[in-house]
Amino acid sequence: MLLPACIKSSLRITLYKPLRWNHIAPNHHSSCSNRRRLSVPIFRASSISTVSTAEAAAVMAQDGPTRQYPLQVAKRLEKFKTTIFTQMSSLAIEHGAINLGQGFPNFDGPEIVKEAAIQAIKDGKNQYARGYGVPELNSAIAARFHKDTGLTVDPEKEITVTSGCTEAIAATILGLINPGDKVIVFAPFYDSYEATLSMAGAKITCITLRPPDFSLPIEELKSKISKNTRAILMNTPHNPTGKMFTREELNQVASLCIENDVLVFSDEVYDKLSFEMDHISIASLPGMYERTVTLNSLGKTFSLTGWKIGWAIAPTHLIWGVKQAHSYLTFATSTPMQHAAAVALRAPDSYYEELRKDYKAKKEILVEGLKSVGFNVYPSSGTYFVVVDHTPFGLPDDVAFCEYLIKEVGVVAIPTSVFYLDPSEGKNLVRFTFCKDEDTLRNAVGRMKERLVRK
Amino acid sequence: MMSGMVSCTQPPFSTTRVNCKRDMKENLSSIAKTLKPSRLQQLFFLAECTNAVDLAVGFPDFPAPPHIKAAAVSAITSDFNQYRHVQGICNLLADKMKQMHGLDVDPLTDIAICCGQTEAFAATMFAIINPGDEEILFDPSFETYETCVLMAGGVPVYVALDPPYWTLDKVKLFDAFSAKTKALVLNSPHNPTGKVFNMDELKIIAEYCRTKDCIAITDEVYEHMVYDNEPHISLSSLPGMQERTIITSSLSKTYSVTGWRIGWAIGPSCIAFAIKNIHTKLTDCAPAPFQEAALAALTSPPEYYISLRKDYESKRDFLFKLLSQLGFQVEVKPRGSLFIFAAIPRTCKLTDVEFVEEMIKQGGVIAVPGCGFFHTNHDYHKRYIRFAFCKDDATLTSAAQKMQELEFFES
């Protein structure tokens with residue numbers, strides 16, 4: 001229970017405890033009752049679909065065109081399908097598995113934030129917001145950023161609000177990357193990076209972070225970065241490994257970027273979910289603010305992933321490109337949620353302390369559980385993910401293991417090979433999340449202890 | 001002031017903190033360098049800052065329908081706050097497409113829910129355009145189409161509609177097609193002119209799309225804002241068109257919730273599939289509680305749409321009468337949308353930008369200079385002003401009073 005002891009009870013968070021793992025949409029729209037069917041979530045690495053059981057099979061058939069029609073889809077998309085996730089989802093539904101794959105909580109955000117959104121709707125704040133953000137939100141973002149990094153930014157000129165951090169990433173890449181530009185990414189990576197870089201026509205150079213500690217391979221970075229590199233896209237705390245870049249690693253990245261005049265796009269959505277060390281924003285290092293776009297969002301920190309409130313912070317000469325691309329991608333971001341986000345971001349430090357404490361407890365349940373089951377669990381310093389080596393259980397690769405885990409054990413994990421440019425690099429690893437209530441975590445561990453057998 | 005607002009090609013660089021060897025301007029993508037800031041967004045902001053009576057922005061100043069707001073509030077309270085895709089929206093949209101246009105749409109495979117029509121359109125462009133592909137756009141047109149085409153590496157090709165009735169010239173349209181034409185964009189009812197493309201015009205467009213094997217993307221956000229018993233016909237409903245048309249639309253205008261960002265693209269399954277994939281990478285999902293509220297919106301009773309239309313029709317009539325009386329050249333009442341595209345009185349030699357500037361300075365009424373909607377040079381492209389009538393009656397009355405007092409209307 002995320003209960004900040006030292007502040008008003010209005011910030012108490014009520015946990016949503018489902019009877020089973022699946023979210024069954026309450027039938028509160030009587031006019032729609034003939035339309036409602038049992039909705040069950042389908043996971044993807046980053047998002048969710050609710051599709052009825054009866055229709056699941058048809059959705060699975062969506063993996064490619066079903067009608068005979070000249071395929072007029074742009075060439076840039078040929079790589080991007082949702083195959084693995086629709087496959088896993090269909091199995092998950094069929095077998096009633098406990099879902100530790102989805103990267104979003106099964107409990108809800110703080111009442112005070114939800115009430116702020118409701119009030120905004122009632123107050124008529126339902127029309128287009130200013131494109132780059134509602135003023136109070138921009139100010140709140142600037143204030144929080146200052147608290148976190150010591151940097152002072154101009155909320156009017158150095159912040160753009162977007163529909164989630166996903167859009168901030170898309171707008172940054174489309175606004176600042178030209179076809180042919182060289183961009184370095186670290187594998188494994190969040191699945192939108194590769195897609196969006198391809199949309200911008202970038203040339204992707206991939207550097208793999210390897211177990212056990214997924215540390216930065218500095219020599220490899222030195223050899224691959226040059227004056228021709230346009231940008232590095234990094235993520236800390238890191239999804240899926242939970243790795244956090246240390247000050248030393250960030251200093252190394254920073255000095256290479258300064259030397260070669262390279263930009264950094266830093267995805268920091270999990271910055272408040274840092275457990276083993278403090279999160280450091282690379283923008284706060286000397287000489288880095290002027291070349292960094294810092295990306296973040298509301299969703300993970302406040303358990304409101306479906307609200308889609310994110311932002312980019314960068315100096316004016318960089319924010320310009322982000323702002324322009326954003327205005328043509330979505331034009332504006334959801335107005336009532338922005339007002340509520342401004343309230344959320346003014347939460348006292350105690351909120352974040354409780355958040356960390358609560359997630360730490362959940363992490364322990366999962367990690368201890370996974371270890372006792374027999375996984376090699378890699379240390380995760382941040383985010384709400386851990387990756388484990390599944391090979392003790394004798395399956396040939398991560399996808400096979402995940403299928404087995406769903407069918408025979410009744411638990412869902414994500415095969416990490418989808419997070420790599422070269423999928424074979426991820427075949428020994430799978431990702432579990434602990435952003436679930438404690439009962440769910442214990443039940444999942446229980447099932448694995450019972451049914452998962454080391455070979 | 002106003003002139004700075006209309007076009008700004010230079011991004012505001014601060015040179016004080018930059019210590020880099022490379023000129024930071026070089027870090028912008030080539031598209032970003034050519035992009036101008038959204039004129040409409042600048043206007044929205046100015047409208048907020050001044051006390052001008054706002055006939056510029058295309059969204060209402062009256063409250064959204066209570067039943068829809070209640071649904072959103074209920075969704076937030078019931079914890080619909082995590083990533084989701086509400087399939088029910090697709091089911092309802094499929095029904096609507098059948099009811100309104102006789103189209104058979106598969107709700108499982110043919111519909112993508114996006115963050116507003118804006119994102120649906122952007123995602124569609126990324127889904128179908130390869131660098132170098134040409135896209136036909138009508139002129140005047142809403143500012144975002146061109147930019148989305150450019151962002152996806154396409155080449156916009158304009159076909160001018162002919163004033164004063166904004167008629168479609170068949171020959172001009174034919175000449176716009178080339179071997180590189182991939183798609184055509186049709187916005188009907190039309191922003192800024194309020195034109196509603198009729199069956200004859202749609203037949204011509206459809207014929208060329210079929211014979212040239214071209215995709216059509218429609219923007220139908222004003223689909224319920226049609227007046228004088230004018231029907232809104234979706235291009236997709238014409239023979240041979242459904243298989244090559246992507247319809248984009250949203251909740252925003254129909255339900256007065258432009259700030260909720262719920263829109264959609266409906267098209268052949270392989271394209272809808274691609275659009276969904278792009279959308280997932282652009283924003284991941286549309287705001288969850290508002291997706292829930294969309295179910296309430298899309299099941300509004302028929303009376304809602306009837307009274308919406310009636311209401312907007314009378315506001316249109318009021319504004320039309322006012323503008324005619326003041327001497328603006330408005331040849332015919334617009335049959336659709338929320339706008340009147342009026343030509344400046346012949347006797348006045350000001351450009352549209354200068355005129356709007358004067359309206360603000362003198363009388364405190366703001367509207368949109370039409371030049372931002374034109375993309376090719378015509379002798380008339382600085383002579384039009386777009387007025388929005390999606391405003392409270394009190395706003396319209398106040399605007400009328402103020403405009404009547406403006407100097408250049410005194411005879």
# chains A, B, ... in the order shown; residues from 1 in each chain; ligands from 1
call {"tool": "interface_residues", "arguments": {"of": "chain A", "to": "chain B", "cutoff": "6 Å", "atoms": "only C-alpha atoms", "output": "ChimeraX atom specification"}}
result
/A:47-50,65,73-74,118,124,126-128,163,166-167,170,175-178,192,304-308,317,321,329-330,334-335
call {"tool": "select_by_dssp", "arguments": {"residues": "segment 155-341 of chain B", "states": "alpha helix (DSSP H)", "output": "PyMOL selection string"}}
result
chain B and resi 170-176+199-211+269-282+288-298+302-326
call {"tool": "residues_around", "arguments": {"residues": "Phe375 of chain A", "least_positions_apart": "3", "cutoff": "8 Å", "atoms": "only C-alpha atoms", "output": "PyMOL selection string"}}
result
chain A and resi 370-372+388-390+392
call {"tool": "write_last_selection", "arguments": {"atoms": "N, CA, C and O atoms", "output": "JSON list (two decimals), in the first residue's frame"}}
result
[["chain", "number", "residue", "atom", "x", "y", "z"],
["A", 370, "LEU", "N", 11.87, -15.66, -7.60],
["A", 370, "LEU", "CA", 12.48, -16.18, -8.83],
["A", 370, "LEU", "C", 13.76, -16.95, -8.52],
["A", 370, "LEU", "O", 14.05, -17.98, -9.13],
["A", 371, "LYS", "N", 14.51, -16.45, -7.56],
["A", 371, "LYS", "CA", 15.75, -17.15, -7.19],
["A", 371, "LYS", "C", 15.42, -18.52, -6.62],
["A", 371, "LYS", "O", 16.03, -19.53, -6.99],
["A", 372, "SER", "N", 14.43, -18.53, -5.75],
["A", 372, "SER", "CA", 14.11, -19.82, -5.12],
["A", 372, "SER", "C", 13.55, -20.82, -6.13],
["A", 372, "SER", "O", 13.66, -22.02, -5.96],
["A", 388, "VAL", "N", 15.94, -12.30, -16.23],
["A", 388, "VAL", "CA", 16.50, -13.53, -15.69],
["A", 388, "VAL", "C", 16.96, -14.42, -16.82],
["A", 388, "VAL", "O", 16.46, -14.33, -17.95],
["A", 389, "ASP", "N", 17.90, -15.28, -16.49],
["A", 389, "ASP", "CA", 18.35, -16.30, -17.43],
["A", 389, "ASP", "C", 17.46, -17.53, -17.22],
["A", 389, "ASP", "O", 17.39, -18.06, -16.11],
["A", 390, "HIS", "N", 16.80, -17.96, -18.27],
["A", 390, "HIS", "CA", 15.83, -19.07, -18.13],
["A", 390, "HIS", "C", 16.45, -20.42, -18.49],
["A", 390, "HIS", "O", 15.77, -21.45, -18.40],
["A", 392, "PRO", "N", 18.36, -22.62, -17.16],
["A", 392, "PRO", "CA", 18.29, -23.79, -16.29],
["A", 392, "PRO", "C", 17.07, -24.68, -16.50],
["A", 392, "PRO", "O", 17.03, -25.81, -16.05]]
call {"tool": "residues_around", "arguments": {"residues": "Ala120 of chain A", "least_positions_apart": "4", "cutoff": "8 Å", "atoms": "only C-alpha atoms", "output": "list in words"}}
result
Ala116, Gly124, Lys125, Asn126, Pro336, Met337, His339 and Ala340 of chain A
call {"tool": "write_last_selection", "arguments": {"atoms": "C-alpha atoms", "output": "JSON list (two decimals), in the first residue's frame"}}
result
[["chain", "number", "residue", "atom", "x", "y", "z"],
["A", 116, "ALA", "CA", -7.84, 16.90, -10.18],
["A", 124, "GLY", "CA", -14.82, 22.73, -18.71],
["A", 125, "LYS", "CA", -11.14, 22.25, -19.47],
["A", 126, "ASN", "CA", -12.02, 20.00, -22.39],
["A", 336, "PRO", "CA", -7.81, 17.66, -18.25],
["A", 337, "MET", "CA", -4.95, 15.20, -17.67],
["A", 339, "HIS", "CA", -4.06, 19.95, -15.28],
["A", 340, "ALA", "CA", -4.04, 16.88, -13.08]]
call {"tool": "residues_around", "arguments": {"residues": "Val221 of chain B", "least_positions_apart": "5", "cutoff": "10 Å", "atoms": "only C-alpha atoms", "output": "PyMOL selection string"}}
result
chain B and resi 116-117+187-191+247-254+263+337
call {"tool": "select_by_dssp", "arguments": {"residues": "segment 41-140 of chain B", "states": "strand (DSSP E)", "output": "list in words"}}
result
Val53, Asp54, Ile111, Ala112, Ile113, Cys114, Glu134, Glu135, Ile136, Leu137, Phe138 and Asp139 of chain B
call {"tool": "write_last_selection", "arguments": {"atoms": "C-alpha atoms", "output": "mmCIF file, in the first residue's frame"}}
result
data_model
loop_
_atom_site.group_PDB
_atom_site.id
_atom_site.type_symbol
_atom_site.label_atom_id
_atom_site.label_comp_id
_atom_site.auth_asym_id
_atom_site.auth_seq_id
_atom_site.Cartn_x
_atom_site.Cartn_y
_atom_site.Cartn_z
ATOM 1 C CA VAL B 53 -13.840 38.017 -28.842
ATOM 2 C CA ASP B 54 -12.601 34.837 -30.315
ATOM 3 C CA ILE B 111 -10.076 0.456 -37.318
ATOM 4 C CA ALA B 112 -7.199 2.138 -35.443
ATOM 5 C CA ILE B 113 -7.926 4.344 -32.422
ATOM 6 C CA CYS B 114 -5.506 7.291 -32.207
ATOM 7 C CA GLU B 134 3.194 12.441 -54.485
ATOM 8 C CA GLU B 135 0.031 13.339 -52.634
ATOM 9 C CA ILE B 136 -2.740 15.452 -54.055
ATOM 10 C CA LEU B 137 -4.131 18.086 -51.718
ATOM 11 C CA PHE B 138 -6.847 20.610 -52.428
ATOM 12 C CA ASP B 139 -6.120 24.302 -51.937
#
call {"tool": "closest_residue", "arguments": {"among": "A:Ala231, A:Ile309, A:Ile319, A:Ala325", "to": "Gly133 of chain A", "atoms": "only C-alpha atoms"}}
result
A:Ile309
